[in-house]
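A.B. asks: Pasting a structure here, questions to come.
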Amino acid sequence: MGRYVRFLFTAVYFVFLFTSSAQGIGDNEQSVLKEFEDSDQPSGRFNVFFNSLDRYNVNSAYDWLDTIKIYLANAQKTNDTTAAHLYKVMQAQVYNDLGEYDKSTALAKELYDIKDSLDTESQKIVLDVLDDNYANLQLFDKQIEIRKQKRELGFTNNVSFYDIYSNLGLYRKARNQYIMEVKPTIADNETFKLAQYHSKVGNYLRLDDSAPTALSELKKANSYLGVYMNDISTQKSESDIFESEILKAEIEGNIAKCHVMLGEFEEAIPLLESSIEILKKSPDNNDQSEVVENTMFLAEANLQLERFTEAKKHLDTEFDNINVLQIIKRNSLLAAFYDKVENYKNASIYYKRNERIKDSLAKKQSALIKQQLVTIVANEDLENSQRLIDEQKRINELARSEMKAKDERINLVFISLIFTLLGFAGLVYAYLKSIKNQRLIAEQKHIIETSLVEKDSLLKEIHHRVKNNLQMVSSLLSLQTKNTRSKAAIVALEEGKSRVKAMALIHQKLYQNDDLSVIEMQGYIESLINSVQSVYKKGGHNISITIDAEGTELDIDRAIPFGLILNELVSNSFKYAFPENDDNGKIYIHLRKNGDQGYFEYTDNGVGLPEDTDERSNSSMGIRLINRLVNQLQSKLNIDKQVEGVRFWFNFS
């Protein structure tokens, strides 16, 4: 009897611990479902459902489905049709998130039939759900019809086909059409859209087995996204930050897949693991499909490295929604795993499973895909034909206008004929004369082109000589430094030498460029930093320097003042910002040019400026020089004293 009492007491104790632990988890992470239930109105619940970044953070989609069904039943009992429609829209989305596309489609079609009674937001969601369902069910002809309906209702400007081509495995055609449709719509300063664009192009290249080229595009996407996320001048909402994190996870996941395709398994594993963790937070079906895909690649990488336990753990992961191609890949990896551990019986089972699936898939999909392709090509041709018809209509309208104008001038035909004959005679004379003029023009053109080549060579030679002369000045200053005992004089000479080098570097970059009018600033800044470091490296600096000026070009009138300003700022950071320890020293240089406007920012995390900086500015050669140079750029220097370090910035024309 005592043994049973002890057992009961132990069981109660573990139940209490489990309940406390569960409650702790609930307290630490706010449940979106609870916020949904606490809302008073159906419209409020609708907004909570669709505006939450991660509605499945605590409660599963099945919990949501049960709750929504209860609210839907209550709305139907009270004949509240508006509320019932809202709950059905949410229900269709949950079925879609669960991968139950048939149920989601049936419910969405029911709502689509009464779309006129829905508000604009609900209409758009229903059409988006149908679009995604038909894509997953491979009913591309129906998907195109939904997209046409979106265009008619003003939710989209045109009917896109590139994602459909991708779903059919036509990745090159998908990439070409995506580039043609999307690239012209993105401005040079829209870094987030550029990140999305290069990410998509890179993924199409990866799917088309062009891993090296894909890797280049994906790294470019990562760079653009880094610029966007580090841009402190743009305010970002919580939704923007979440979207950026998801995009970064997608890009890193695709970079990792390229590494796997290239046999670089060690590089791929950490990227795949971090990508999976972030993508799990997204409620989007495509992101969840990426989680499955990344897990398969993670298993493959571990398998190739003969980490069998890790590989098997990932292959045994259960997913709510996995498509046929992913099942085939998992079976192939499981077969390879059992081959490597010499369990040939189990390997044979998975090989046979794949053969059955592939045979069945080939029979079912061959005719379907052919039919879908015919439909898509016909629709695309129809879109192009419609554009041609509209263009032809416009041409016909112009032709009718011209005919009307000709009718009004019919009385002047005879007079025009006489003048035409005279004009023809004049044209013959002009033609004969133009031949002579064209010869003269050709000769003059040759002379001008020769002169331009000579001018370019001469300008390069001038810049080369100016650079050499400035280097000679720098050398003279170095000799003077060695013959000078005054520390103050040595410091002044070193500073002068550094400024001369900054100007010499400008002329060096100019004569090395094909274009003598501008200087590419990323390379110039890197060279200038190396030059300054060579002077102050004697103390053994460990400062991390980040330069963000990719693609920015300045003419010589702006480049020289800018180079001198940067030379002063970097020299000051090396000399004064880190007097005791520079192990964690950081310098960030940001230069951007948008049209006729430019923006420059320089920050370090050193000890900052002294309290009496304003009084010293009148006597400090460096600050006075910087202010004059900024004035020369028609701007004003701004200085922000931070808790750690200092920030200099200005806008310039």
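Following the order of the structure tokens, first chain is A, next is B, and so on, with residues numbered from 1 inside each chain and ligands from 1 in the order they appear.
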What lies within 8 Å of stretch 130-139 of chain A using only C-alpha atoms, ignoring chain neighbours under 3 positions off, as a PyMOL selection string?
C.D. replies: chain A and resi 96+101-102+104-105+108-109+126-127+142-143+146-147+164+167+372
A.B. asks: Leaving out A:Asn346 and any residue of its chain fewer than 2 positions from it, which residues lie within 12 Å of it when counting only C-alpha atoms, given as JSON, numbers by chain?
C.D. replies: {"A": [331, 332, 333, 334, 335, 336, 337, 338, 339, 340, 341, 342, 343, 344, 348, 349, 350, 351, 352, 353]}
A.B. asks: Compile the contact shell of A:Phe319 as a list in words: residues with an atom at most 10 Å away, counting only C-alpha atoms, same-chain residues fewer than 4 positions apart removed.
C.D. replies: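 What passes the distance filter is Gln288, Ser289, Val291 and Val292 of chain A.
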A.B. asks: How would the residues just chosen look if you wrote them out with C-alpha atoms as a PDB file, in the first residue's frame?
C.D. replies:
ATOM      1  CA  GLN A 288       8.017  25.909 -44.724  1.00  0.00           C
ATOM      2  CA  SER A 289       8.773  24.106 -47.973  1.00  0.00           C
ATOM      3  CA  VAL A 291      12.646  24.297 -44.296  1.00  0.00           C
ATOM      4  CA  VAL A 292      12.061  20.796 -45.708  1.00  0.00           C
TER       5      VAL A 292
END
A.B. asks: For A:Phe297, work out the shell of residues within 8 Å, counting only C-alpha atoms and skipping chain neighbours fewer than 2 positions away, then give it as a VMD selection string.
C.D. replies: chain A and resid 257 260 272 293 to 295 299 to 301
A.B. asks: Check the smallest atom-to-atom distance from each of A:Thr120, A:Ile357, A:Phe242, A:Asn222 to A:Lys193 using only C-alpha atoms, then report the winner.
C.D. replies: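 Closest to A:Lys193 of all the choices is A:Asn222.
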A.B. asks: Quick one: residues within 12 Å of A:Asn47, only C-alpha atoms counted, chain neighbours fewer than 6 positions away excluded, as a count of residues only?
C.D. replies: 14
A.B. asks: Hey, what's within 12 Å of stretch 484-501 of chain A if we count only C-alpha atoms and toss same-chain stuff fewer than 6 positions away? As a ChimeraX atom specification, please?
C.D. replies: /A:466-478,507-508,524,527-536,560-572,575,621-622,625-626
A.B. asks: Print the selection's residues with N, CA and C atoms to a file, as a tab-separated table (two decimals), in the first residue's frame.
C.D. replies:
chain	number	residue	atom	x	y	z
A	466	VAL	N	51.97	64.59	-62.14
A	466	VAL	CA	51.53	65.26	-60.91
A	466	VAL	C	51.69	64.31	-59.72
A	467	LYS	N	51.30	63.04	-59.93
A	467	LYS	CA	51.45	62.04	-58.87
A	467	LYS	C	52.91	61.87	-58.48
A	468	ASN	N	53.79	61.81	-59.50
A	468	ASN	CA	55.22	61.65	-59.23
A	468	ASN	C	55.78	62.86	-58.48
A	469	ASN	N	55.33	64.06	-58.89
A	469	ASN	CA	55.79	65.28	-58.21
A	469	ASN	C	55.34	65.31	-56.75
A	470	LEU	N	54.08	64.88	-56.53
A	470	LEU	CA	53.56	64.85	-55.16
A	470	LEU	C	54.31	63.81	-54.33
A	471	GLN	N	54.66	62.70	-54.96
A	471	GLN	CA	55.45	61.69	-54.25
A	471	GLN	C	56.85	62.24	-53.90
A	472	MET	N	57.37	63.05	-54.82
A	472	MET	CA	58.67	63.67	-54.55
A	472	MET	C	58.57	64.62	-53.36
A	473	VAL	N	57.44	65.38	-53.31
A	473	VAL	CA	57.20	66.27	-52.17
A	473	VAL	C	57.13	65.45	-50.89
A	474	SER	N	56.41	64.31	-50.96
A	474	SER	CA	56.29	63.43	-49.80
A	474	SER	C	57.66	62.92	-49.35
A	475	SER	N	58.50	62.58	-50.34
A	475	SER	CA	59.85	62.09	-50.01
A	475	SER	C	60.68	63.19	-49.37
A	476	LEU	N	60.53	64.42	-49.88
A	476	LEU	CA	61.26	65.55	-49.30
A	476	LEU	C	60.83	65.78	-47.85
A	477	LEU	N	59.52	65.65	-47.62
A	477	LEU	CA	59.01	65.81	-46.25
A	477	LEU	C	59.57	64.71	-45.34
A	478	SER	N	59.70	63.49	-45.90
A	478	SER	CA	60.28	62.39	-45.12
A	478	SER	C	61.74	62.69	-44.76
A	507	HIS	N	45.43	61.31	-58.20
A	507	HIS	CA	45.99	61.37	-59.56
A	507	HIS	C	46.42	59.99	-60.04
A	508	GLN	N	46.87	59.14	-59.13
A	508	GLN	CA	47.22	57.77	-59.51
A	508	GLN	C	45.99	57.02	-60.00
A	524	TYR	N	39.54	53.64	-53.99
A	524	TYR	CA	40.35	54.77	-53.53
A	524	TYR	C	40.43	54.80	-52.00
A	527	SER	N	42.69	52.12	-50.66
A	527	SER	CA	44.10	52.48	-50.84
A	527	SER	C	44.51	53.54	-49.84
A	528	LEU	N	43.64	54.53	-49.62
A	528	LEU	CA	43.94	55.61	-48.67
A	528	LEU	C	44.09	55.07	-47.25
A	529	ILE	N	43.20	54.16	-46.87
A	529	ILE	CA	43.27	53.55	-45.52
A	529	ILE	C	44.60	52.80	-45.36
A	530	ASN	N	44.99	52.05	-46.40
A	530	ASN	CA	46.25	51.31	-46.34
A	530	ASN	C	47.43	52.27	-46.17
A	531	SER	N	47.34	53.42	-46.87
A	531	SER	CA	48.41	54.41	-46.78
A	531	SER	C	48.51	54.97	-45.36
A	532	VAL	N	47.35	55.31	-44.75
A	532	VAL	CA	47.35	55.86	-43.39
A	532	VAL	C	47.80	54.80	-42.39
A	533	GLN	N	47.35	53.57	-42.60
A	533	GLN	CA	47.74	52.48	-41.69
A	533	GLN	C	49.25	52.26	-41.70
A	534	SER	N	49.85	52.42	-42.89
A	534	SER	CA	51.30	52.18	-42.97
A	534	SER	C	52.07	53.17	-42.10
A	535	VAL	N	51.48	54.36	-41.87
A	535	VAL	CA	52.14	55.36	-41.03
A	535	VAL	C	51.97	55.01	-39.55
A	536	TYR	N	50.76	54.60	-39.16
A	536	TYR	CA	50.45	54.39	-37.74
A	536	TYR	C	50.53	52.93	-37.31
A	560	ILE	N	39.19	65.14	-54.29
A	560	ILE	CA	40.36	65.64	-53.55
A	560	ILE	C	39.96	66.15	-52.17
A	561	PRO	N	38.92	67.05	-52.05
A	561	PRO	CA	38.51	67.46	-50.70
A	561	PRO	C	38.05	66.28	-49.85
A	562	PHE	N	37.31	65.36	-50.49
A	562	PHE	CA	36.82	64.21	-49.73
A	562	PHE	C	37.99	63.37	-49.21
A	563	GLY	N	39.04	63.14	-50.07
A	563	GLY	CA	40.19	62.35	-49.65
A	563	GLY	C	40.94	63.00	-48.50
A	564	LEU	N	41.06	64.34	-48.54
A	564	LEU	CA	41.74	65.04	-47.45
A	564	LEU	C	40.94	64.98	-46.15
A	565	ILE	N	39.60	65.10	-46.27
A	565	ILE	CA	38.72	65.00	-45.08
A	565	ILE	C	38.89	63.61	-44.44
A	566	LEU	N	38.81	62.57	-45.28
A	566	LEU	CA	38.90	61.20	-44.76
A	566	LEU	C	40.28	60.94	-44.17
A	567	ASN	N	41.31	61.48	-44.80
A	567	ASN	CA	42.67	61.34	-44.28
A	567	ASN	C	42.78	61.91	-42.87
A	568	GLU	N	42.17	63.11	-42.65
A	568	GLU	CA	42.21	63.73	-41.33
A	568	GLU	C	41.46	62.89	-40.29
A	569	LEU	N	40.27	62.41	-40.68
A	569	LEU	CA	39.43	61.67	-39.73
A	569	LEU	C	40.09	60.35	-39.32
A	570	VAL	N	40.61	59.61	-40.32
A	570	VAL	CA	41.23	58.31	-40.02
A	570	VAL	C	42.50	58.52	-39.18
A	571	SER	N	43.29	59.54	-39.55
A	571	SER	CA	44.52	59.82	-38.78
A	571	SER	C	44.19	60.14	-37.33
A	572	ASN	N	43.13	60.98	-37.12
A	572	ASN	CA	42.72	61.32	-35.75
A	572	ASN	C	42.29	60.09	-34.97
A	575	LYS	N	45.32	58.15	-33.97
A	575	LYS	CA	46.16	58.83	-32.99
A	575	LYS	C	45.49	58.96	-31.61
A	621	MET	N	44.26	72.67	-36.27
A	621	MET	CA	44.50	72.68	-37.71
A	621	MET	C	43.61	71.67	-38.42
A	622	GLY	N	43.50	70.44	-37.83
A	622	GLY	CA	42.72	69.37	-38.47
A	622	GLY	C	41.25	69.74	-38.62
A	625	LEU	N	40.76	72.54	-41.09
A	625	LEU	CA	40.95	72.04	-42.45
A	625	LEU	C	39.72	71.27	-42.92
A	626	ILE	N	39.18	70.40	-42.04
A	626	ILE	CA	37.99	69.62	-42.40
A	626	ILE	C	36.82	70.55	-42.71
A.B. asks: In Å, with one decimal, what is the gap from atom CA of A:Ser31 to atom CA of A:Gln91?
C.D. replies: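 Spanning atom CA of A:Ser31 to atom CA of A:Gln91 is a straight-line distance of 18.6 Å.
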A.B. asks: Quote the spacing between atom CA of A:Ala83 and atom CA of A:Pro42 in Å to one decimal place.
C.D. replies: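 Separating atom CA of A:Ala83 from atom CA of A:Pro42 is a distance of 5.7 Å.
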A.B. asks: Fewer than 6 positions away in the same chain doesn't count, so skip those; otherwise give me all residues within 10 Å of stretch 56-71 of chain A, counting only C-alpha atoms, as a ChimeraX atom specification.
C.D. replies: /A:25-26,29-34,36-37,42,45,49,77,83-84,86-88,90-95,97-98,280-283
A.B. asks: Which is closest to A:Phe648 among A:Tyr204, A:Tyr588, A:Tyr429, A:Phe419, if we use only C-alpha atoms?
C.D. replies: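 Residue with the minimum atom-to-atom distance to A:Phe648: A:Tyr588.
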A.B. asks: A:Asp582, A:Glu273, A:Asp557, A:Glu611: which is nearest A:Gln634, counting only C-alpha atoms?
C.D. replies: A:Asp557
